[in-house]
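Novice: Just model_1.tsv, nothing more (TSV, C-alpha atoms):
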chain	number	residue	atom	x	y	z
A	1	MET	CA	135.24	117.53	96.19
A	2	GLU	CA	134.73	116.08	99.67
A	3	ILE	CA	132.58	113.02	100.36
A	4	ARG	CA	131.16	114.86	103.36
A	5	ALA	CA	129.88	117.63	101.07
A	6	LEU	CA	128.14	115.03	98.88
A	7	ARG	CA	126.41	113.55	101.94
A	8	TYR	CA	125.34	117.05	103.01
A	9	PHE	CA	123.98	117.75	99.52
A	10	LEU	CA	121.97	114.50	99.41
A	11	THR	CA	120.42	115.20	102.81
A	12	ILE	CA	119.27	118.67	101.73
A	13	ALA	CA	117.90	117.24	98.47
A	14	GLN	CA	115.97	114.60	100.40
A	15	GLU	CA	114.53	116.94	103.02
A	16	GLY	CA	113.89	119.92	100.72
A	17	ASN	CA	114.72	122.23	103.60
A	18	ILE	CA	118.19	123.33	104.67
A	19	THR	CA	117.17	123.98	108.30
A	20	LYS	CA	115.79	120.47	108.73
A	21	ALA	CA	118.83	119.00	106.97
A	22	ALA	CA	121.15	120.87	109.36
A	23	GLU	CA	119.29	119.37	112.34
A	24	ILE	CA	119.63	115.86	110.93
A	25	LEU	CA	123.34	116.35	110.16
A	26	HIS	CA	124.03	118.03	113.55
A	27	VAL	CA	125.66	121.08	111.97
A	28	THR	CA	124.65	124.71	112.03
A	29	GLN	CA	122.60	126.13	109.16
A	30	PRO	CA	125.31	128.72	108.24
A	31	THR	CA	127.91	125.95	108.10
A	32	LEU	CA	125.69	123.83	105.84
A	33	SER	CA	124.87	126.80	103.59
A	34	ARG	CA	128.55	127.64	103.25
A	35	GLN	CA	129.40	124.03	102.36
A	36	MET	CA	126.78	124.09	99.58
A	37	MET	CA	127.98	127.43	98.24
A	38	ASN	CA	131.52	126.05	98.08
A	39	LEU	CA	130.24	122.95	96.27
A	40	GLU	CA	128.34	125.04	93.73
A	41	ASN	CA	131.41	127.23	93.17
A	42	GLU	CA	133.54	124.13	92.66
A	43	LEU	CA	131.07	122.72	90.11
A	44	GLY	CA	130.44	126.08	88.47
A	45	THR	CA	126.67	125.73	88.55
A	46	HIS	CA	123.63	126.27	90.78
A	47	LEU	CA	122.31	123.11	92.42
A	48	PHE	CA	119.41	124.61	94.37
A	49	GLN	CA	116.49	126.96	93.96
A	50	ARG	CA	116.39	128.56	97.39
A	51	GLY	CA	112.99	129.68	98.65
A	52	ARG	CA	111.85	131.02	101.98
A	53	TYR	CA	110.49	127.69	103.21
A	54	GLN	CA	111.77	125.17	100.69
A	55	THR	CA	115.02	124.33	98.90
A	56	LEU	CA	114.46	122.62	95.54
A	57	LEU	CA	116.92	121.13	93.06
A	58	THR	CA	117.67	122.78	89.74
A	59	GLU	CA	117.93	120.62	86.61
A	60	GLU	CA	121.69	120.50	87.19
A	61	GLY	CA	121.01	119.58	90.81
A	62	ILE	CA	118.83	116.64	89.81
A	63	LEU	CA	121.60	115.29	87.56
A	64	PHE	CA	124.20	115.83	90.27
A	65	GLN	CA	121.95	114.06	92.81
A	66	GLN	CA	122.03	110.89	90.69
A	67	ARG	CA	125.82	111.02	90.36
A	68	ALA	CA	126.29	111.80	94.07
A	69	ARG	CA	124.20	108.78	95.03
A	70	GLU	CA	126.34	106.54	92.84
A	71	ILE	CA	129.58	107.95	94.29
A	72	ILE	CA	128.40	107.53	97.88
A	73	ALA	CA	127.16	104.00	97.17
A	74	LEU	CA	130.57	103.09	95.73
A	75	VAL	CA	132.41	104.69	98.68
A	76	ASP	CA	130.22	102.82	101.18
A	77	GLN	CA	130.73	99.55	99.32
A	78	THR	CA	134.51	100.07	99.25
A	79	GLU	CA	134.61	100.81	102.98
A	80	LYS	CA	132.69	97.62	103.72
A	81	GLU	CA	135.07	95.60	101.56
A	82	MET	CA	138.16	97.10	103.22
A	83	LEU	CA	136.79	96.35	106.69
A	84	SER	CA	136.36	92.70	105.74
A	85	CYS	CA	139.94	92.20	104.53
A	86	ASN	CA	141.55	91.67	107.95
A	87	ARG	CA	138.72	89.78	109.67
A	88	GLN	CA	137.15	86.39	109.51
A	89	VAL	CA	135.51	86.15	106.07
A	90	SER	CA	132.77	88.74	106.16
A	91	GLY	CA	131.50	91.65	104.14
A	92	VAL	CA	128.54	92.54	101.96
A	93	ILE	CA	127.70	91.04	98.57
A	94	SER	CA	125.34	93.16	96.47
A	95	ILE	CA	122.99	91.26	94.16
A	96	ALA	CA	120.55	92.86	91.73
A	97	SER	CA	117.86	90.87	89.95
A	98	VAL	CA	115.14	91.40	87.41
A	99	GLU	CA	111.71	90.00	88.24
A	100	SER	CA	112.18	86.36	87.21
A	101	THR	CA	112.07	82.80	88.52
A	102	ALA	CA	115.68	83.29	89.64
A	103	MET	CA	114.28	85.30	92.57
A	104	HIS	CA	112.84	82.02	93.87
A	105	LEU	CA	116.24	80.31	93.47
A	106	LEU	CA	118.17	83.03	95.30
A	107	PRO	CA	117.04	82.20	98.88
A	108	ASP	CA	118.24	78.59	98.60
A	109	LEU	CA	121.49	79.77	97.01
A	110	LEU	CA	122.23	82.23	99.81
A	111	ALA	CA	121.14	79.81	102.54
A	112	LEU	CA	123.73	77.23	101.48
A	113	PHE	CA	126.53	79.79	101.23
A	114	SER	CA	125.60	81.38	104.56
A	115	ARG	CA	125.93	78.08	106.41
A	116	LYS	CA	129.63	78.11	105.58
A	117	TYR	CA	130.17	81.88	105.82
A	118	PRO	CA	127.69	83.21	108.40
A	119	MET	CA	129.49	86.58	108.70
A	120	VAL	CA	128.71	87.49	105.08
A	121	HIS	CA	125.65	89.68	104.53
A	122	TYR	CA	123.75	90.64	101.40
A	123	ASP	CA	122.42	93.81	99.80
A	124	LEU	CA	119.55	92.92	97.47
A	125	TYR	CA	118.00	95.02	94.73
A	126	THR	CA	115.26	94.53	92.15
A	127	SER	CA	115.53	96.51	88.93
A	128	TYR	CA	115.35	96.20	85.14
A	129	GLY	CA	118.17	94.82	83.00
A	130	ASP	CA	119.79	97.94	81.54
A	131	HIS	CA	119.93	99.59	84.97
A	132	ILE	CA	121.54	96.48	86.48
A	133	LYS	CA	124.24	96.36	83.79
A	134	GLU	CA	124.99	100.06	84.26
A	135	LYS	CA	125.51	99.55	88.01
A	136	LEU	CA	127.64	96.44	87.43
A	137	ASP	CA	129.88	98.41	85.07
A	138	LYS	CA	130.33	101.11	87.73
A	139	GLY	CA	131.16	98.56	90.44
A	140	ILE	CA	128.08	99.40	92.53
A	141	TYR	CA	126.54	95.91	92.21
A	142	ASP	CA	128.56	92.68	92.41
A	143	ILE	CA	126.18	90.26	90.73
A	144	GLY	CA	123.35	90.80	88.28
A	145	ILE	CA	120.57	88.33	87.45
A	146	MET	CA	118.95	89.01	84.09
A	147	THR	CA	116.94	87.20	81.44
A	148	ASP	CA	118.10	86.42	77.91
A	149	PRO	CA	118.89	88.04	75.56
A	150	VAL	CA	121.98	89.53	77.25
A	151	ASP	CA	125.18	90.89	75.68
A	152	LEU	CA	127.78	88.88	77.63
A	153	VAL	CA	130.98	90.19	76.00
A	154	ASN	CA	132.19	92.01	79.11
A	155	TYR	CA	130.86	89.58	81.70
A	156	ASN	CA	131.43	86.18	83.20
A	157	TYR	CA	128.17	84.31	83.55
A	158	ILE	CA	126.21	81.28	84.67
A	159	ARG	CA	123.10	80.47	82.69
A	160	LEU	CA	120.47	79.07	85.03
A	161	PRO	CA	118.45	76.04	83.86
A	162	GLN	CA	114.96	77.15	84.90
A	163	LYS	CA	112.82	77.93	81.86
A	164	GLU	CA	110.48	80.92	81.93
A	165	ARG	CA	107.38	81.38	79.79
A	166	TRP	CA	106.38	84.70	78.25
A	167	GLY	CA	102.79	85.82	77.99
A	168	ILE	CA	100.52	88.71	78.87
A	169	LEU	CA	99.26	90.01	82.18
A	170	THR	CA	95.68	90.93	81.41
A	171	PRO	CA	92.74	92.33	83.40
A	172	SER	CA	90.62	89.58	84.94
A	173	THR	CA	87.66	91.11	83.11
A	174	SER	CA	89.25	90.94	79.64
A	175	PRO	CA	88.24	88.39	76.95
A	176	PHE	CA	91.69	86.75	77.35
A	177	ALA	CA	91.32	86.12	81.10
A	178	GLY	CA	89.62	82.74	80.76
A	179	ARG	CA	92.02	81.44	78.12
A	180	THR	CA	94.83	78.92	78.59
A	181	SER	CA	96.98	80.62	75.93
A	182	VAL	CA	97.01	83.54	73.51
A	183	ARG	CA	98.48	83.85	70.02
A	184	MET	CA	100.65	86.81	68.96
A	185	GLU	CA	98.28	87.80	66.15
A	186	GLU	CA	95.44	88.14	68.67
A	187	ILE	CA	97.14	90.99	70.53
A	188	VAL	CA	98.35	93.06	67.57
A	189	ASN	CA	95.36	95.39	67.79
A	190	VAL	CA	95.11	95.72	71.59
A	191	PRO	CA	97.09	98.20	73.73
A	192	LEU	CA	100.31	96.63	75.02
A	193	LEU	CA	102.77	97.47	77.77
A	194	ILE	CA	106.23	96.08	76.98
A	195	PRO	CA	109.59	95.97	78.82
A	196	LYS	CA	111.79	98.99	78.16
A	197	ARG	CA	115.12	97.10	77.72
A	198	ASP	CA	116.26	97.57	74.09
A	199	MET	CA	117.49	94.01	73.45
A	200	LEU	CA	114.29	92.59	74.91
A	201	GLN	CA	112.14	94.86	72.78
A	202	SER	CA	113.95	93.62	69.66
A	203	GLU	CA	113.38	90.02	70.76
A	204	ILE	CA	109.67	90.65	71.33
A	205	ALA	CA	109.36	92.41	67.97
A	206	ASN	CA	110.65	89.26	66.24
A	207	TRP	CA	107.71	87.27	67.64
A	208	PHE	CA	105.23	89.31	65.63
A	209	ASP	CA	104.72	89.20	61.88
A	210	ALA	CA	103.92	92.92	61.93
A	211	PHE	CA	105.20	94.48	65.13
A	212	ASP	CA	104.97	97.96	63.60
A	213	GLN	CA	101.18	97.53	63.71
A	214	CYS	CA	101.17	96.81	67.45
A	215	GLN	CA	99.71	99.43	69.78
A	216	VAL	CA	102.42	100.01	72.38
A	217	PHE	CA	100.66	102.06	75.04
A	218	ALA	CA	103.64	102.22	77.43
A	219	THR	CA	107.00	100.71	78.32
A	220	TYR	CA	108.00	99.66	81.84
A	221	GLY	CA	111.08	98.75	83.87
A	222	LEU	CA	109.63	96.74	86.74
A	223	LEU	CA	106.26	95.11	86.18
A	224	LEU	CA	104.94	96.85	89.31
A	225	SER	CA	104.62	100.09	87.36
A	226	ALA	CA	102.59	98.33	84.65
A	227	VAL	CA	100.28	96.33	86.93
A	228	PHE	CA	98.29	99.39	87.93
A	229	LEU	CA	97.68	100.23	84.27
A	230	VAL	CA	96.59	96.64	83.58
A	231	GLU	CA	94.21	96.73	86.55
A	232	LYS	CA	92.60	99.88	85.12
A	233	GLY	CA	92.15	98.20	81.73
A	234	LEU	CA	94.62	100.48	79.94
A	235	GLY	CA	96.59	97.64	78.35
A	236	HIS	CA	97.98	94.12	78.52
A	237	ALA	CA	101.55	93.74	79.83
A	238	VAL	CA	103.94	91.46	77.94
A	239	CYS	CA	105.88	89.82	80.79
A	240	LEU	CA	107.41	86.68	82.24
A	241	GLU	CA	105.17	84.23	84.07
A	242	SER	CA	107.20	84.54	87.29
A	243	ALA	CA	106.95	88.34	87.22
A	244	GLY	CA	103.21	87.96	86.78
A	245	ASP	CA	103.15	85.58	89.77
A	246	ILE	CA	105.09	88.03	91.93
A	247	ARG	CA	102.61	90.80	91.10
A	248	ALA	CA	99.55	88.53	91.03
A	249	ASN	CA	96.22	89.72	92.42
A	250	ASP	CA	92.53	89.09	91.83
A	251	ALA	CA	92.33	91.89	89.26
A	252	THR	CA	94.81	90.34	86.79
A	253	ARG	CA	95.56	87.03	85.07
A	254	PHE	CA	98.71	85.72	83.36
A	255	ILE	CA	98.09	84.01	79.99
A	256	PRO	CA	101.06	82.32	78.23
A	257	PHE	CA	101.79	82.68	74.52
A	258	GLU	CA	101.01	79.99	71.97
A	259	PRO	CA	103.32	78.87	70.47
A	260	GLU	CA	105.39	79.00	73.62
A	261	ARG	CA	107.95	81.78	73.98
A	262	SER	CA	110.48	81.06	76.71
A	263	THR	CA	113.78	82.27	78.09
A	264	HIS	CA	116.37	81.53	80.80
A	265	SER	CA	117.92	83.64	83.52
A	266	VAL	CA	121.62	84.51	83.47
A	267	MET	CA	123.74	85.39	86.49
A	268	ILE	CA	126.50	87.82	85.39
A	269	TRP	CA	129.44	89.69	86.89
A	270	LYS	CA	132.03	92.01	85.40
A	271	LYS	CA	135.17	90.43	83.95
A	272	ASN	CA	138.57	91.30	85.45
A	273	ARG	CA	137.14	93.24	88.40
A	274	SER	CA	138.82	93.23	91.80
A	275	CYS	CA	136.93	91.22	94.39
A	276	SER	CA	136.46	91.43	98.12
A	277	PRO	CA	137.32	88.18	99.94
A	278	ALA	CA	133.62	87.46	100.47
A	279	PHE	CA	132.75	88.04	96.82
A	280	ALA	CA	135.71	85.93	95.63
A	281	LEU	CA	134.47	83.01	97.74
A	282	PHE	CA	130.93	83.52	96.47
A	283	LEU	CA	132.16	83.34	92.87
A	284	GLU	CA	133.95	80.06	93.59
A	285	TYR	CA	130.73	78.78	95.10
A	286	LEU	CA	128.75	79.80	92.01
A	287	LYS	CA	131.22	78.15	89.65
A	288	HIS	CA	130.47	74.77	91.23
A	289	LEU	CA	126.78	75.03	90.47
A	290	PRO	CA	125.74	72.41	87.89
A	291	GLU	CA	124.91	74.96	85.19
A	292	GLU	CA	126.38	76.33	81.97
A	293	ASN	CA	129.26	78.69	82.89
A	294	GLY	CA	130.96	81.35	80.81
In structure tokens, what does this structure look like?

Specialist:
Amino acid sequence: MEIRALRYFLTIAQEGNITKAAEILHVTQPTLSRQMMNLENELGTHLFQRGRYQTLLTEEGILFQQRAREIIALVDQTEKEMLSCNRQVSGVISIASVESTAMHLLPDLLALFSRKYPMVHYDLYTSYGDHIKEKLDKGIYDIGIMTDPVDLVNYNYIRLPQKERWGILTPSTSPFAGRTSVRMEEIVNVPLLIPKRDMLQSEIANWFDAFDQCQVFATYGLLLSAVFLVEKGLGHAVCLESAGDIRANDATRFIPFEPERSTHSVMIWKKNRSCSPAFALFLEYLKHLPEENG
């Protein structure tokens, strides 16, 4: 399977039209069609539903699109790392973070490192915890920033000192909006939106005396997807204060829990992974931070 064929496939999937994809790729339409037929024969499945004006993905094509993106991302990352080996320290460090107070720490962290290594650049992502760990395991991200609880068996880590409060993001018109805190028993019978990460759901369930009686209206990865539901009055999102601040607007309010429920952020990276020169220097830099290392 050729990398070029994967790039061709992703372009067609994005454009939904093989003629337009051929123009973007600067190849003829027959050449592109032949490449895709060869790819489908190699995989033993149909990737496209070909119409007169539109080319859509089959179910197998949608799955293959996800895998192709991951392969191309890893190839691109590897090429960048190889290019940096024989030059002044340079390269790209990929950092993925959940929505947390650590996002406010990151600019200062990168600014200090960049003063010493100005040729190093950064690829930044925001996602939810399980997705970040999956990409770390596949070598697509270098560093992940998550919130406790985190299974750290396969990772080195630095636990950051900043404490984060949990609470609810509620409509500004709700009875909770004028409060300075809210108790867990007060939200048992109201619709809730909770994070989708399994370990975090278990942690949240332990805060309630009867979590099975809670009305979980929806789960979310990034709070952005839940904010719109909160604004429409469809539920109250259980979230971190910093995530609520990031997504703050006049239509919502963050109310912390009473008694206080708090957590810390953890910066993690895969154990025993090979490192680019830039990433190796960045790890040494991180290890001298005055935090709890693992």

Novice: Which residue gives the smallest distance to Pro175 (chain A) among A:Gly233, A:Pro161, A:Gly129, A:Pro195, with only C-alpha atoms counted?

Specialist: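 Distance minimum relative to Pro175 (chain A) lands on A:Gly233.
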
Novice: Nearest to Phe211 (chain A) among A:Tyr141, A:Glu185, A:Gln162, A:Lys20, with distances taken over only C-alpha atoms: which residue is it?

Specialist: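 Checking each candidate against Phe211 (chain A), we get A:Glu185 as the closest.
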
Novice: Residues of region 239-288 of chain A within 10 Å of region 117-121 of chain A: nearest atom pair and distance (Å, one decimal) for each, counting only C-alpha atoms, sorted by chain and number, as CSV?

Specialist:
residue,atom,partner,partner_atom,distance
A:Ala278,CA,A:Val120,CA,6.7
A:Phe279,CA,A:Val120,CA,9.2
A:Leu281,CA,A:Tyr117,CA,9.2
A:Phe282,CA,A:Tyr117,CA,9.5

Novice: In Å, rounded to a single decimal, give me how far CA of Ala205 (chain A) is from CA of Leu234 (chain A).

Specialist: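 Spanning CA of Leu234 (chain A) to CA of Ala205 (chain A) is a straight-line distance of 20.6 Å.
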
Novice: Please, what distance in Å, to one decimal, runs between CA of Ile72 (chain A) and CA of Val92 (chain A)?

Specialist: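 These atoms are spaced 15.5 Å apart.
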
Novice: Show me as a list in words the residues that reach within 10 Å of (88.2, 90.2, 85.9), counting only C-alpha atoms and using the file's own coordinates.

Specialist: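 So the residues meeting the distance criterion are Thr170, Pro171, Ser172, Thr173, Ser174, Pro175, Phe176, Ala177, Gly178, Glu231, Gly233, Asp250, Ala251, Thr252 and Arg253 of chain A.
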
Novice: To one decimal in Å, tell me the separation between CA of Ile158 (chain A) and CA of Leu74 (chain A).

Specialist: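 These two atoms are separated by 24.8 Å.
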